[in-house]
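Q: Just so it is clear, I am handing over upload.cif, which has mmCIF, C-alpha atoms.
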```
data_work
loop_
_atom_site.label_atom_id
_atom_site.label_comp_id
_atom_site.auth_asym_id
_atom_site.auth_seq_id
_atom_site.Cartn_x
_atom_site.Cartn_y
_atom_site.Cartn_z
CA MET A 1 88.74 192.69 24.20
CA ALA A 2 92.53 192.88 24.41
CA GLY A 3 92.36 195.55 27.08
CA ARG A 4 90.09 193.60 29.34
CA ARG A 5 92.50 190.68 29.29
CA ARG A 6 95.19 192.81 30.90
CA PHE A 7 93.60 192.11 34.29
CA PRO A 8 92.05 188.84 35.49
CA THR A 9 88.27 188.56 35.58
CA GLY A 10 86.98 189.75 38.91
CA THR A 11 89.63 192.45 39.30
CA VAL A 12 88.24 195.54 41.00
CA LEU A 13 89.40 198.68 39.19
CA LEU A 14 89.16 202.21 40.54
CA THR A 15 89.52 205.27 38.34
CA VAL A 16 90.77 208.19 40.39
CA GLY A 17 90.44 211.60 38.74
CA THR A 18 92.72 214.19 40.32
CA LYS A 19 93.95 217.73 39.92
CA ARG A 20 97.03 216.32 38.20
CA GLY A 21 95.90 213.45 36.10
CA LEU A 22 94.18 210.09 36.27
CA PHE A 23 95.28 207.16 38.40
CA LEU A 24 94.00 203.60 38.36
CA LEU A 25 94.04 201.26 41.33
CA THR A 26 93.46 197.54 40.87
CA SER A 27 92.90 194.70 43.30
CA LYS A 28 91.92 191.06 43.15
CA ASP A 29 90.83 190.79 46.77
CA ARG A 30 90.06 194.42 47.73
CA ARG A 31 92.85 194.17 50.34
CA THR A 32 96.01 194.77 48.30
CA TRP A 33 95.89 197.53 45.72
CA THR A 34 98.24 198.28 42.82
CA PRO A 35 98.46 201.84 41.52
CA HIS A 36 98.84 202.67 37.81
CA GLY A 37 99.54 206.03 36.22
CA PRO A 38 99.36 208.94 36.36
CA PHE A 39 97.81 209.39 32.93
CA GLN A 40 97.01 212.78 31.38
CA ALA A 41 99.11 214.28 34.18
CA GLY A 42 99.00 217.79 32.74
CA HIS A 43 95.24 217.88 33.06
CA ARG A 44 92.62 218.15 35.76
CA VAL A 45 90.66 214.93 35.39
CA TYR A 46 87.27 215.72 36.86
CA HIS A 47 85.78 212.35 35.99
CA ALA A 48 86.61 209.07 34.30
CA ALA A 49 84.58 206.05 33.35
CA LEU A 50 85.43 202.55 32.26
CA ASP A 51 82.84 201.47 29.70
CA LEU A 52 82.55 197.68 29.61
CA ARG A 53 79.85 197.52 26.95
CA GLY A 54 81.72 195.70 24.20
CA SER A 55 85.47 196.00 24.57
CA ALA A 56 86.74 197.85 27.62
CA ARG A 57 87.19 201.55 26.85
CA LEU A 58 88.45 204.01 29.44
CA PHE A 59 87.30 207.64 29.14
CA ALA A 60 88.93 210.54 30.96
CA ALA A 61 87.42 214.02 31.15
CA ALA A 62 90.81 215.76 30.97
CA ASN A 63 90.43 219.49 31.58
CA GLY A 64 93.34 221.65 30.52
CA ASP A 65 94.72 224.72 32.20
CA PHE A 66 97.27 225.35 29.49
CA PHE A 67 96.31 222.86 26.80
CA ALA A 68 92.87 222.30 25.36
CA SER A 69 90.50 220.02 27.26
CA SER A 70 89.73 216.68 25.67
CA LEU A 71 87.60 213.66 26.40
CA ARG A 72 90.25 211.12 25.41
CA TYR A 73 89.80 207.38 25.51
CA SER A 74 92.06 204.41 25.93
CA ASP A 75 91.52 200.80 24.87
CA ASP A 76 94.50 199.51 26.85
CA PHE A 77 93.83 200.87 30.33
CA GLY A 78 95.77 204.08 29.87
CA LYS A 79 98.87 202.90 28.01
CA THR A 80 97.83 204.77 24.87
CA TRP A 81 95.11 207.38 24.36
CA GLN A 82 93.00 208.37 21.37
CA GLU A 83 91.92 211.89 20.61
CA PRO A 84 88.27 212.11 19.49
CA GLU A 85 87.83 213.06 15.84
CA ARG A 86 85.43 215.75 16.96
CA GLY A 87 85.64 216.46 20.65
CA ILE A 88 83.54 218.39 23.13
CA LEU A 89 83.31 221.71 21.31
CA PHE A 90 80.50 224.22 21.37
CA PRO A 91 79.15 225.05 17.93
CA GLU A 92 80.72 228.09 16.33
CA GLY A 93 78.36 231.00 16.73
CA SER A 94 77.01 229.78 20.06
CA GLY A 95 79.19 232.34 21.81
CA ARG A 96 80.23 229.72 24.35
CA SER A 97 83.53 227.98 25.01
CA LEU A 98 84.08 224.84 27.00
CA LYS A 99 85.28 225.54 30.53
CA ASN A 100 85.31 222.07 32.05
CA MET A 101 83.96 218.60 31.40
CA TRP A 102 82.33 217.28 34.57
CA ILE A 103 80.97 213.83 33.90
CA VAL A 104 81.11 211.11 31.29
CA GLU A 105 78.22 208.68 31.52
CA PRO A 106 77.94 205.53 29.38
CA GLY A 107 74.48 205.13 27.84
CA ARG A 108 71.93 202.40 28.40
CA SER A 109 72.74 198.79 27.55
CA SER A 110 70.26 199.13 24.67
CA GLU A 111 72.43 201.87 23.10
CA PRO A 112 75.93 200.37 23.43
CA ASP A 113 77.70 203.01 21.31
CA THR A 114 76.16 206.01 23.12
CA LEU A 115 77.78 208.11 25.84
CA TYR A 116 76.83 211.39 27.45
CA CYS A 117 79.07 214.14 28.76
CA GLY A 118 77.98 216.99 31.02
CA VAL A 119 80.00 220.20 30.93
CA ASP A 120 80.39 223.79 32.14
CA PRO A 121 78.89 226.04 30.78
CA ALA A 122 75.82 223.87 31.32
CA ALA A 123 75.33 221.65 28.30
CA LEU A 124 74.90 217.99 27.51
CA PHE A 125 76.97 216.41 24.75
CA VAL A 126 76.28 213.03 23.22
CA SER A 127 78.33 210.56 21.22
CA HIS A 128 76.79 207.71 19.25
CA ASP A 129 80.09 206.15 18.15
CA ARG A 130 81.78 205.33 21.48
CA GLY A 131 83.41 208.71 21.89
CA LYS A 132 84.88 209.27 18.42
CA THR A 133 82.62 212.24 17.68
CA TRP A 134 80.55 214.39 20.01
CA ALA A 135 77.76 216.89 19.46
CA MET A 136 75.96 219.27 21.77
CA THR A 137 72.29 218.43 22.38
CA GLU A 138 70.10 221.33 21.30
CA GLY A 139 67.09 220.79 23.56
CA LEU A 140 68.78 221.85 26.77
CA GLU A 141 70.60 224.70 25.05
CA ASN A 142 67.28 226.06 23.80
CA HIS A 143 65.53 225.88 27.16
CA PRO A 144 63.49 229.08 27.55
CA THR A 145 65.17 229.93 30.86
CA ARG A 146 68.72 229.19 29.68
CA SER A 147 69.90 232.81 29.70
CA ARG A 148 68.94 233.19 33.37
CA TRP A 149 70.86 230.20 34.74
CA GLN A 150 73.45 231.14 37.35
CA PRO A 151 76.62 229.24 38.26
CA GLY A 152 77.49 227.79 41.65
CA ALA A 153 80.96 228.19 43.15
CA GLY A 154 82.18 225.35 40.92
CA GLY A 155 80.81 226.95 37.76
CA LEU A 156 77.62 226.41 35.76
CA CYS A 157 78.28 222.71 35.66
CA LEU A 158 76.15 219.83 34.43
CA HIS A 159 77.61 217.20 36.74
CA SER A 160 75.08 214.34 36.92
CA VAL A 161 73.31 212.34 34.21
CA VAL A 162 70.75 209.68 35.17
CA LEU A 163 69.26 207.47 32.45
CA ASP A 164 65.95 205.66 32.85
CA PRO A 165 66.94 202.08 31.95
CA THR A 166 63.35 201.18 31.02
CA ASN A 167 62.51 204.23 28.91
CA ALA A 168 64.92 205.46 26.24
CA GLN A 169 63.07 208.77 26.03
CA ARG A 170 63.54 209.68 29.70
CA MET A 171 66.58 211.00 31.50
CA TRP A 172 67.53 213.52 34.17
CA VAL A 173 70.42 215.94 34.48
CA ALA A 174 71.57 218.00 37.44
CA ILE A 175 73.12 221.44 37.03
CA SER A 176 74.61 223.65 39.71
CA ALA A 177 73.03 226.10 40.49
CA VAL A 178 69.97 225.42 38.35
CA GLY A 179 68.62 222.17 39.74
CA VAL A 180 67.32 218.95 38.24
CA LEU A 181 65.73 218.75 34.79
CA ARG A 182 63.99 215.80 33.13
CA THR A 183 63.27 215.01 29.52
CA ASP A 184 60.51 212.65 28.43
CA ASP A 185 61.12 213.02 24.72
CA GLY A 186 64.72 211.98 24.27
CA GLY A 187 66.17 215.41 25.02
CA ALA A 188 64.02 217.63 22.79
CA THR A 189 62.41 219.40 25.77
CA TRP A 190 63.28 219.57 29.47
CA THR A 191 61.14 220.18 32.56
CA PHE A 192 62.37 221.40 35.95
CA CYS A 193 62.12 218.83 38.75
CA ASN A 194 62.89 220.88 41.85
CA LYS A 195 59.64 220.94 43.82
CA GLY A 196 60.40 220.55 47.50
CA THR A 197 64.15 221.25 47.30
CA ARG A 198 65.41 224.34 49.09
CA ALA A 199 67.55 227.24 47.95
CA ASP A 200 68.36 229.03 51.22
CA PHE A 201 70.54 231.52 49.37
CA LEU A 202 67.64 232.95 47.32
CA PRO A 203 64.78 235.21 48.44
CA ASP A 204 62.29 232.51 47.35
CA LYS A 205 63.44 229.41 49.26
CA TYR A 206 61.51 227.02 46.98
CA PRO A 207 61.92 228.42 43.47
CA GLU A 208 61.06 226.63 40.24
CA TYR A 209 64.79 226.54 39.49
CA GLY A 210 68.02 227.96 40.90
CA GLN A 211 68.72 225.17 43.41
CA CYS A 212 72.33 224.18 43.96
CA VAL A 213 72.09 220.43 43.45
CA HIS A 214 75.43 218.77 44.18
CA ARG A 215 74.85 215.18 43.05
CA LEU A 216 72.00 213.14 41.57
CA ILE A 217 71.82 209.33 41.43
CA GLY A 218 69.12 206.92 40.29
CA HIS A 219 67.71 203.74 41.76
CA PRO A 220 68.74 200.71 39.68
CA SER A 221 65.42 198.84 39.83
CA LYS A 222 62.86 201.63 40.46
CA PRO A 223 63.38 204.24 37.75
CA ASP A 224 61.02 206.74 39.41
CA VAL A 225 63.19 206.84 42.54
CA LEU A 226 66.15 209.21 42.60
CA PHE A 227 68.25 210.71 45.36
CA GLN A 228 70.10 214.00 45.49
CA GLN A 229 72.70 215.60 47.71
CA ASN A 230 72.24 219.34 47.67
CA HIS A 231 73.73 222.57 48.95
CA CYS A 232 70.65 222.66 51.20
CA GLY A 233 69.72 219.12 52.19
CA THR A 234 69.50 215.50 51.09
CA TYR A 235 66.39 214.46 49.18
CA VAL A 236 64.50 211.56 47.62
CA THR A 237 61.85 211.58 44.91
CA ARG A 238 59.57 208.60 44.35
CA ASN A 239 57.71 210.10 41.39
CA ALA A 240 60.49 210.73 38.86
CA GLY A 241 61.29 214.17 40.19
CA ASP A 242 57.78 215.65 40.33
CA ALA A 243 58.34 216.28 44.07
CA TRP A 244 61.14 215.72 46.55
CA THR A 245 61.14 214.77 50.25
CA ASP A 246 63.89 215.87 52.62
CA ILE A 247 65.78 212.89 54.07
CA GLN A 248 68.39 214.82 56.02
CA SER A 249 66.88 213.33 59.20
CA ASN A 250 69.71 213.06 61.75
CA LEU A 251 72.55 214.00 59.39
CA PRO A 252 74.54 216.73 61.17
CA SER A 253 74.66 219.08 58.16
CA ASP A 254 72.46 219.95 55.21
CA PHE A 255 75.60 220.51 53.10
CA GLY A 256 77.40 217.74 51.27
CA PHE A 257 78.52 216.64 47.86
CA PRO A 258 78.73 212.89 47.22
CA LEU A 259 76.11 210.18 47.29
CA ALA A 260 76.38 206.45 46.57
CA MET A 261 74.10 203.44 46.75
CA ASP A 262 74.54 199.78 47.69
CA PRO A 263 73.55 198.03 44.44
CA HIS A 264 72.27 195.02 46.42
CA ASP A 265 70.03 197.11 48.65
CA PRO A 266 69.07 200.40 47.05
CA ASP A 267 67.54 201.64 50.32
CA THR A 268 71.10 201.71 51.60
CA LEU A 269 72.76 205.00 50.73
CA TYR A 270 76.07 206.57 51.65
CA THR A 271 77.07 210.20 51.88
CA VAL A 272 79.63 212.50 53.41
CA VAL A 273 78.25 215.75 54.78
CA GLU A 274 80.45 218.55 55.93
CA SER A 275 80.59 222.03 57.32
CA GLY A 276 79.36 224.37 54.60
CA GLU A 277 81.85 227.02 55.71
CA ALA A 278 84.95 224.86 56.29
CA ARG A 279 84.18 222.30 53.55
CA ALA A 280 85.51 219.51 55.76
CA ASN A 281 84.36 217.08 58.45
CA ILE A 282 82.33 218.84 61.12
CA THR A 283 83.92 217.31 64.22
CA ASP A 284 87.43 215.88 64.62
CA GLN A 285 86.18 212.56 63.25
CA PHE A 286 86.09 212.04 59.48
CA THR A 287 82.80 210.22 58.95
CA VAL A 288 80.89 208.48 56.18
CA TYR A 289 77.15 208.26 56.79
CA ARG A 290 74.94 205.31 55.87
CA THR A 291 71.20 204.84 55.86
CA GLU A 292 69.63 201.40 55.47
CA ASN A 293 66.08 202.65 55.15
CA GLY A 294 66.15 205.19 52.35
CA GLY A 295 67.07 208.10 54.59
CA LYS A 296 64.78 207.69 57.60
CA ARG A 297 67.81 207.32 59.86
CA TRP A 298 71.55 207.73 59.22
CA GLN A 299 74.40 205.83 60.92
CA ARG A 300 77.89 207.19 61.52
CA LEU A 301 80.61 205.00 59.98
CA THR A 302 83.99 205.74 61.58
CA ARG A 303 85.87 202.47 62.12
CA GLY A 304 89.25 202.90 60.45
CA LEU A 305 88.64 206.50 59.43
CA PRO A 306 90.98 209.17 60.84
CA LYS A 307 90.25 211.34 63.85
CA GLY A 308 92.05 214.29 65.45
CA PRO A 309 92.23 218.04 65.69
CA ALA A 310 94.32 218.14 62.50
CA VAL A 311 91.97 215.92 60.50
CA ARG A 312 89.94 218.05 58.11
CA LEU A 313 89.02 216.20 54.93
CA GLY A 314 86.70 217.22 52.13
CA VAL A 315 85.01 214.92 49.63
CA LEU A 316 83.80 216.27 46.30
CA ARG A 317 80.64 215.27 44.45
CA HIS A 318 82.09 212.36 42.49
CA GLY A 319 84.40 211.25 45.30
CA LEU A 320 82.35 208.35 46.70
CA CYS A 321 81.27 205.12 45.02
CA ALA A 322 80.19 201.54 45.71
CA ASP A 323 81.19 198.39 43.85
CA THR A 324 78.94 195.52 42.78
CA ARG A 325 80.48 192.81 44.95
CA ASP A 326 78.37 191.41 47.79
CA PRO A 327 78.86 192.77 50.40
CA CYS A 328 79.59 195.92 48.46
CA GLY A 329 82.88 197.76 48.70
CA LEU A 330 82.94 201.50 49.30
CA TYR A 331 85.59 203.96 48.12
CA VAL A 332 85.95 207.56 49.22
CA GLY A 333 88.58 209.95 47.84
CA THR A 334 89.46 213.21 49.58
CA ASN A 335 90.48 216.61 48.32
CA THR A 336 93.80 216.06 50.13
CA GLY A 337 94.68 212.90 48.23
CA GLN A 338 93.65 209.98 50.41
CA ILE A 339 91.49 207.02 49.38
CA PHE A 340 89.73 205.04 52.08
CA ALA A 341 88.11 201.73 51.18
CA SER A 342 85.68 199.40 52.88
CA ARG A 343 85.09 195.79 51.85
CA ASP A 344 82.19 195.27 54.27
CA ARG A 345 79.64 197.86 53.11
CA GLY A 346 81.11 200.62 55.23
CA ASP A 347 81.39 198.85 58.58
CA SER A 348 85.19 199.27 58.56
CA TRP A 349 87.65 201.25 56.45
CA ARG A 350 91.30 201.22 55.45
CA LEU A 351 93.55 203.80 53.83
CA ILE A 352 94.51 202.30 50.44
CA ALA A 353 96.26 205.31 48.85
CA ASP A 354 97.77 208.53 50.12
CA PHE A 355 99.68 211.56 48.81
CA LEU A 356 97.69 211.68 45.58
CA PRO A 357 96.85 215.08 44.11
CA SER A 358 93.51 216.51 45.19
CA ILE A 359 90.88 213.91 44.25
CA TYR A 360 87.89 214.95 42.17
CA SER A 361 86.32 211.59 41.43
CA VAL A 362 86.46 207.88 42.19
CA THR A 363 84.60 205.31 40.09
CA VAL A 364 84.72 201.55 40.44
CA THR A 365 84.23 198.66 38.03
CA VAL A 366 84.47 194.92 38.61
CA LEU A 367 86.09 193.43 35.51
CA MET B 1 96.53 235.23 11.15
CA ARG B 2 93.15 233.52 11.09
CA GLU B 3 93.74 232.22 7.59
CA ILE B 4 97.03 230.71 8.71
CA ILE B 5 95.34 228.92 11.61
CA ASP B 6 92.60 227.69 9.25
CA ASP B 7 95.27 226.35 6.93
CA LEU B 8 97.18 224.70 9.79
CA ASP B 9 93.97 223.04 10.96
CA ARG B 10 93.42 221.67 7.46
CA GLN B 11 96.93 220.23 7.41
CA PHE B 12 96.80 219.00 11.02
CA PRO B 13 93.16 218.33 11.89
CA GLY B 14 92.40 219.13 15.52
CA LEU B 15 95.11 221.75 15.88
CA ARG B 16 92.72 224.69 15.99
CA PRO B 17 91.04 223.71 19.30
CA GLN B 18 94.52 223.56 20.83
CA LEU B 19 95.12 227.18 19.88
CA CYS B 20 91.68 228.79 19.94
CA GLU B 21 88.52 228.58 22.00
CA GLU B 22 85.24 227.90 20.21
CA THR B 23 84.49 231.62 20.29
CA GLY B 24 87.49 232.08 18.00
CA ASN B 25 89.68 233.78 20.62
CA LEU B 26 93.18 232.57 21.38
CA ARG B 27 93.38 230.31 24.43
CA PRO B 28 94.63 232.17 27.52
CA PHE B 29 98.08 230.59 27.68
CA VAL B 30 98.76 230.37 23.95
CA ASN B 31 100.96 233.13 22.58
CA ILE B 32 101.64 233.72 18.92
CA PHE B 33 104.55 235.96 18.03
CA LEU B 34 104.93 237.63 14.66
CA GLU B 35 108.69 237.87 14.60
CA ARG B 36 109.23 239.35 18.10
CA ASP B 37 105.79 240.86 18.64
CA ASN B 38 103.01 239.09 20.51
CA VAL B 39 99.97 239.28 18.24
CA ARG B 40 97.90 240.19 21.31
CA ASP B 41 99.80 243.49 21.26
CA LEU B 42 99.06 243.91 17.56
CA ARG B 43 95.59 243.15 16.20
CA GLY B 44 95.20 239.69 17.69
CA LEU B 45 94.06 237.12 15.17
CA ASP B 46 93.21 239.94 12.76
CA THR B 47 96.91 240.80 12.53
CA PRO B 48 98.07 240.77 8.89
CA VAL B 49 101.04 238.47 8.32
CA PRO B 50 103.49 239.60 5.62
CA GLU B 51 104.87 237.12 3.12
CA GLY B 52 107.96 235.36 4.49
CA ALA B 53 107.37 236.37 8.10
CA THR B 54 108.23 233.97 10.93
CA LEU B 55 105.57 233.02 13.45
CA HIS B 56 106.30 231.43 16.81
CA VAL B 57 103.52 229.60 18.64
CA LEU B 58 104.49 229.33 22.29
CA LEU B 59 102.61 227.81 25.14
CA SER B 60 103.07 229.66 28.38
CA VAL B 61 102.71 227.07 31.14
CA ALA B 62 102.00 229.73 33.70
CA GLY B 63 102.81 229.30 37.36
CA GLY B 64 101.45 230.92 40.46
CA ALA B 65 98.13 230.72 42.21
CA HIS B 66 95.31 229.08 40.35
CA HIS B 67 92.01 229.37 42.12
CA ASP B 68 90.45 225.93 42.23
CA GLN B 69 86.81 226.41 41.42
CA HIS B 70 85.86 222.79 41.74
CA ASP B 71 84.35 222.99 45.18
CA GLY B 72 80.91 224.48 45.29
#
```
As structure tokens, what does this structure read like?

A:
Amino acid sequence: MAGRRRFPTGTVLLTVGTKRGLFLLTSKDRRTWTPHGPFQAGHRVYHAALDLRGSARLFAAANGDFFASSLRYSDDFGKTWQEPERGILFPEGSGRSLKNMWIVEPGRSSEPDTLYCGVDPAALFVSHDRGKTWAMTEGLENHPTRSRWQPGAGGLCLHSVVLDPTNAQRMWVAISAVGVLRTDDGGATWTFCNKGTRADFLPDKYPEYGQCVHRLIGHPSKPDVLFQQNHCGTYVTRNAGDAWTDIQSNLPSDFGFPLAMDPHDPDTLYTVVESGEARANITDQFTVYRTENGGKRWQRLTRGLPKGPAVRLGVLRHGLCADTRDPCGLYVGTNTGQIFASRDRGDSWRLIADFLPSIYSVTVTVL
Amino acid sequence: MREIIDDLDRQFPGLRPQLCEETGNLRPFVNIFLERDNVRDLRGLDTPVPEGATLHVLLSVAGGAHHDQHDG
């Protein structure tokens, strides 16, 4: 618990994974922010997570260009880091080598020592000892279609893990460009869940798999409801992934990466869509989009966000998140190193950090 | 060469992943020199190492363009 005491209770803490390391930003009032770091500055930190189950443990998916990648953890908010005893390594003989770690996801509250890590080439690793040792899960690796999976532009990356909080046997993963898969037997077997999601870049626009899903999130109180942002649309499922409905509605593009949810009103979602060609805001106005009715209609949120002919910002799949305060705070990190924050559920925004390296991910925890 | 890396990993657990990928190949920016010869120009990790030889393990922190594949 020593680590948690470093900041007062109620502190809002952002982890910011960037092309050159991990930064933390802390605030008591969500107005004034204090930066910390960088940590792991020689690595591309695609994702980080602060696990508050038990003592506070900070995980950073630190991908190396020159050094080996490692899912290190810190019990003192980044001051010192531990190397796992057995890290994210493919079994010898598998013929695969780790390219990048994409997401670290703490397990359910009922499994306090368990974490999951999604990687490229597509695989799911699990730890049952809070990140000291990791092992690849065999079920996904042995999927009968595994040899035919194709990468997206970002690689063959398993970037989203959604756990059913009410059913320890059920979870979903999202892989680009394979789609969504679900297990109902604790990971032994996996079923595709892509019905109704488009793949405009394939001859068959609605294949069983091959969709380029960009981000998958779950509903906190209705486990059968999930949302996804995709290369080709924004979707909801209300039957655990058996079928999806397009909720692009009035969004100006079917291409986007991030997706976040207001924890107090899970019909309120946030996304940033962009030009698929330019990978930036479509007009001169950088815009976050909000729906308050599960995607029937989207509102443009622009107050405090930059506008101009030279404003072209991109937001990657883990670059948007919402905190648990009420009203919720929103945080969006750009691939040009800005973080914009809202403390009124997106109605207005402020720049809280600039000149960071390219931002891959922003997560938020209220201590 | 492989036996030496195995032995180093026994003495310093976790060293092998810093030098080699899981497939057993040397990492792209890790260079091992047997005296003045890069083992890549010899027989890679199958290079025999004579008794008393000096090995240099050097990390080449390469510069230049690095295509960022994150976006897509």

Q: Written as a count of residues only, what is the full residue list that the PyMOL selection byres ((chain A and resi 113) around 7) yields on the file shown?

A: 7

Q: Could the residues of chain A within 7 Å of chain B, counting all atoms listed in the file, be given as a count of residues only, please?

A: 13

Q: Would you pick out the contacts of Phe355 of chain A at 10 Å or less, using all atoms listed in the file, so that residues sharing its chain but fewer than 3 positions from it are not included, and give the list as JSON, numbers by chain?

A: {"A": [336, 337, 338, 339, 358]}

Q: What lies within 8 Å of Lys28 of chain A using all atoms listed in the file, ignoring chain neighbours under 6 positions off, as a list in words?

A: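 After dropping sequence-adjacent residues, the list is Pro8, Gly10, Thr11 and Val12 of chain A.
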
Q: What residues come out when you apply the PyMOL selection byres ((chain A and resi 281-297) around 8) to this file, written as a ChimeraX atom specification?

A: /A:247-251,266-275,279-280,298-302,305-314,346

Q: Smallest atom-to-atom distance to Arg53 of chain A: which of A:Met101, A:Cys157, A:Ile359, A:Leu367, using only C-alpha atoms?

A: A:Leu367

Q: If we count only C-alpha atoms, what is near segment 36-48 of chain B at a cut-off of 8 Å, once residues fewer than 6 positions away on the same chain are taken out, given as a list in words?

A: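 Listing them by chain and then by number gives Met1, Arg2, Asn25 and Leu26 of chain B.
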
Q: For Tyr235 of chain A, find every residue with an atom within 12 Å (counting all atoms listed in the file), except residues of its own chain fewer than 5 positions away, and show them as a PyMOL selection string.

A: chain A and resi 180+194-198+213-218+225-230+241+243-249+251+254-256+259+269+271+294-296

Q: Using atom CA of Lys79 of chain A and atom CA of Arg44 of chain A as the two end points, give the distance in Å to one decimal.

A: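 These atoms are spaced 18.2 Å apart.
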
Q: To one decimal place in Å, what is the distance between atom CA of Arg31 of chain A and atom CA of Glu105 of chain A?

A: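 The value is 27.9 Å.
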
Q: How many Å lie between atom CA of Glu277 of chain A and atom CA of Cys232 of chain A, rounded to one decimal?

A: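 Atom-to-atom, atom CA of Glu277 of chain A to atom CA of Cys232 of chain A, that is 12.8 Å.
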
Q: Leaving out Thr80 of chain A and any residue of its chain fewer than 2 positions from it, which residues lie within 12 Å of it when counting only C-alpha atoms, given as a VMD selection string?

A: chain A and resid 3 37 39 to 40 57 to 59 72 to 78 82 to 83

Q: Using the chain letters and numbering of this document, enumerate as a list of chain:residue names the residues selected by the PyMOL selection byres ((chain A and resi 156) around 7).

A: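 So the PyMOL selection byres ((chain A and resi 156) around 7) ends up selecting A:Asp120, A:Pro121, A:Ala122, A:Gln150, A:Pro151, A:Gly152, A:Gly154, A:Gly155, A:Cys157, A:Leu158, A:Ile175, A:Ser176, A:Ala177.
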
Q: Which is closer to Ser70 of chain A than all the others in A:Gly107, A:Gly186, A:Gly179, A:Gly131, using only C-alpha atoms?

A: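 Residue with the minimum atom-to-atom distance to Ser70 of chain A: A:Gly131.
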